[in-house]
Every structure is written in C-alpha cells, then in structure tokens.
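Enquirer: Submitted below is the structure of interest, expressed as structure tokens.
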Amino acid sequence: MATLDTSRIYTLTNAYTESGKILALGEPSSTLRMTEVISGSASSTSAQWFLTPTSLSPFYRLHTTSLGSGMSLDVLNDNGTSSVGLHMAATGDYSGQYWRFDSWSTGGGYRLSNNFTGPGMHLDVYSDTLEAHLAGDDHTGQHWTLNPAPAVVTVVAPGGELATPSSTTPTIASPASVSTTTSINVPAAASVTVSTTTSASGVTVEYAWR
C-alpha cells in the first residue's frame, strides 16, 4: 500500500502504452483513454491528475485539474461489484471513488483498485481503443506510473492585469479596465496545492503552487 504526495499534480502512464501516452478525459466526450503526449508542451488539464485523501486509509480520490475536486474517478455501476466501466462523477462518499495504489511484486508500477469492486479488479485499458476500464489478472495496462507533471496554472484577475510572474508566485500589477486570464507553466519540481482563493484585490488563483 503506497503513501502518495497529495500536493503534486501527476500524469498517469502504464506499461502497455509506455511513456508516449497518458490517461486523459476526452474532450468534448467524457471517455477516459490514453492520449498522445505532445513533446515539449505541458499536458492538458484533462490529463493532469491530483489526489485527495479519504476518510479510509490508504484510499485516495482521483481528480483531473480540468474538473477540480468536485468530480472524482468512479465506477460506472451497471453490474454491481462486477462493473468494469469508469467515469467522472460528483464527489461523494462512494466506495467506487476510493482508490488504492499497491506496488506490483514484478513488472513495476502500481495497480489501482477501488473499494467498490475490490482489490482483484484493477485500472486497465483496452488494447484497441485504449479506453480505461477495470479488469482482473495481471496485464501490462494495469502497471501504472505517476509522473509529476508540469502543471498549467490559470490565474484570473477580474479588473486587474497580471504582471510577469516569478518562478514561485504570480504578482498583480496596476488594475486594468479588462479582465485578464493567463496560463502559466509550472515546473514539475514545484509542489502544487489545488485550491480556490480570492484576495482583497479580487484575484482568483485556481491552481496555486509553492
């Protein structure tokens, strides 16, 4: 049972598709599948994942930065505990949103299982569509790596203008007549806190880093 850093943002790769593809939420559809990594660019927020702790150790919830902590990876319950489909659902106290990460004894990586379908069913991808689902046994698509991601941080300044940010924090210049939205690439080494805060100057930081 792994203890994971919940202050980081990750991309998820597996041993089947290797480092060239990452798990992402389809746009505009909500299908979860492996997508191509674009060399030299930050990953899409639909492919950036962060973890939040649950009341049951060692389980975590999984969220994408595009949807935030209000939506969690969950089991699509169409066949009880034998269900294999996955989707993003409103965060709640549901066992299908409780995920654990266990190290494989051979082959490396983590196997991801949830508290609804149990430890024998693992996050996997279909060999043809690369769509995520649950499956038993031990296949390369079930060997997952969490890679610290260069996050895209969105800073919204209603009625303000963003100055050039330093490497650690955005700064706000003199107020402007129009709202400004800026995306900033954050180094993978940065520790990221996912939160929403509003300062006295009306600046909302959706993803802050330290």
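Each chain in the structure tokens gets a letter, A, B, ..., in the order shown, and its residues are numbered from 1; ligands are numbered from 1 in order too.
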Give me the residues within 8 Å of region 17-23 of chain A as a PyMOL selection string, counting only C-alpha atoms and dropping any in the same chain fewer than 2 places off.
Expert: chain A and resi 11-15+25+32-37+47+141
Enquirer: List the spatial neighbours of Trp49 (chain A) as number ranges by chain - criterion: any atom at most 8 Å away, only C-alpha atoms, same-chain residues fewer than 2 positions off excluded.
Expert: A: 9-12, 46-47, 51, 62-65
Enquirer: Output N, CA, C and O atoms of each residue in that selection to a file, as a PDB file, in the first residue's frame.
Expert:
ATOM      1  N   ILE A   9       0.720  17.361  -8.777  1.00  0.00           N
ATOM      2  CA  ILE A   9      -0.107  17.035  -9.939  1.00  0.00           C
ATOM      3  C   ILE A   9       0.666  16.025 -10.768  1.00  0.00           C
ATOM      4  O   ILE A   9       1.880  16.141 -10.938  1.00  0.00           O
ATOM      5  N   TYR A  10      -0.045  15.016 -11.292  1.00  0.00           N
ATOM      6  CA  TYR A  10       0.600  13.906 -11.983  1.00  0.00           C
ATOM      7  C   TYR A  10      -0.008  13.692 -13.371  1.00  0.00           C
ATOM      8  O   TYR A  10      -1.156  14.062 -13.627  1.00  0.00           O
ATOM      9  N   THR A  11       0.766  13.051 -14.231  1.00  0.00           N
ATOM     10  CA  THR A  11       0.199  12.360 -15.380  1.00  0.00           C
ATOM     11  C   THR A  11       0.331  10.869 -15.105  1.00  0.00           C
ATOM     12  O   THR A  11       1.222  10.439 -14.367  1.00  0.00           O
ATOM     13  N   LEU A  12      -0.583  10.074 -15.689  1.00  0.00           N
ATOM     14  CA  LEU A  12      -0.594   8.633 -15.457  1.00  0.00           C
ATOM     15  C   LEU A  12      -0.233   7.900 -16.742  1.00  0.00           C
ATOM     16  O   LEU A  12      -0.895   8.072 -17.768  1.00  0.00           O
ATOM     17  N   SER A  46      -7.008  18.117 -18.725  1.00  0.00           N
ATOM     18  CA  SER A  46      -7.822  16.897 -18.682  1.00  0.00           C
ATOM     19  C   SER A  46      -6.962  15.659 -18.489  1.00  0.00           C
ATOM     20  O   SER A  46      -7.488  14.559 -18.261  1.00  0.00           O
ATOM     21  N   ALA A  47      -5.633  15.821 -18.591  1.00  0.00           N
ATOM     22  CA  ALA A  47      -4.705  14.712 -18.381  1.00  0.00           C
ATOM     23  C   ALA A  47      -3.852  14.922 -17.138  1.00  0.00           C
ATOM     24  O   ALA A  47      -2.935  14.158 -16.878  1.00  0.00           O
ATOM     25  N   LEU A  51      -4.595  13.965  -6.287  1.00  0.00           N
ATOM     26  CA  LEU A  51      -5.205  13.060  -5.308  1.00  0.00           C
ATOM     27  C   LEU A  51      -5.672  13.843  -4.097  1.00  0.00           C
ATOM     28  O   LEU A  51      -5.039  14.829  -3.693  1.00  0.00           O
ATOM     29  N   LEU A  62      -9.313  10.403  -6.987  1.00  0.00           N
ATOM     30  CA  LEU A  62      -8.562  10.859  -8.164  1.00  0.00           C
ATOM     31  C   LEU A  62      -9.391  11.908  -8.904  1.00  0.00           C
ATOM     32  O   LEU A  62     -10.550  11.672  -9.237  1.00  0.00           O
ATOM     33  N   HIS A  63      -8.770  13.055  -9.177  1.00  0.00           N
ATOM     34  CA  HIS A  63      -9.435  14.157  -9.862  1.00  0.00           C
ATOM     35  C   HIS A  63      -8.559  14.656 -11.010  1.00  0.00           C
ATOM     36  O   HIS A  63      -7.336  14.540 -10.966  1.00  0.00           O
ATOM     37  N   THR A  64      -9.185  15.260 -12.013  1.00  0.00           N
ATOM     38  CA  THR A  64      -8.419  15.977 -13.034  1.00  0.00           C
ATOM     39  C   THR A  64      -8.456  17.471 -12.699  1.00  0.00           C
ATOM     40  O   THR A  64      -9.417  17.966 -12.110  1.00  0.00           O
ATOM     41  N   THR A  65      -7.396  18.188 -13.089  1.00  0.00           N
ATOM     42  CA  THR A  65      -7.395  19.624 -12.809  1.00  0.00           C
ATOM     43  C   THR A  65      -8.432  20.350 -13.653  1.00  0.00           C
ATOM     44  O   THR A  65      -8.894  21.429 -13.290  1.00  0.00           O
TER      45      THR A  65
END
Enquirer: Name all residues at most 8 Å from Gln97 (chain A) (count only C-alpha atoms; drop same-chain ones fewer than 2 positions away) and give them as a VMD selection string.
Expert: chain A and resid 60 to 62 72 to 75 91 to 95 99 114 to 115
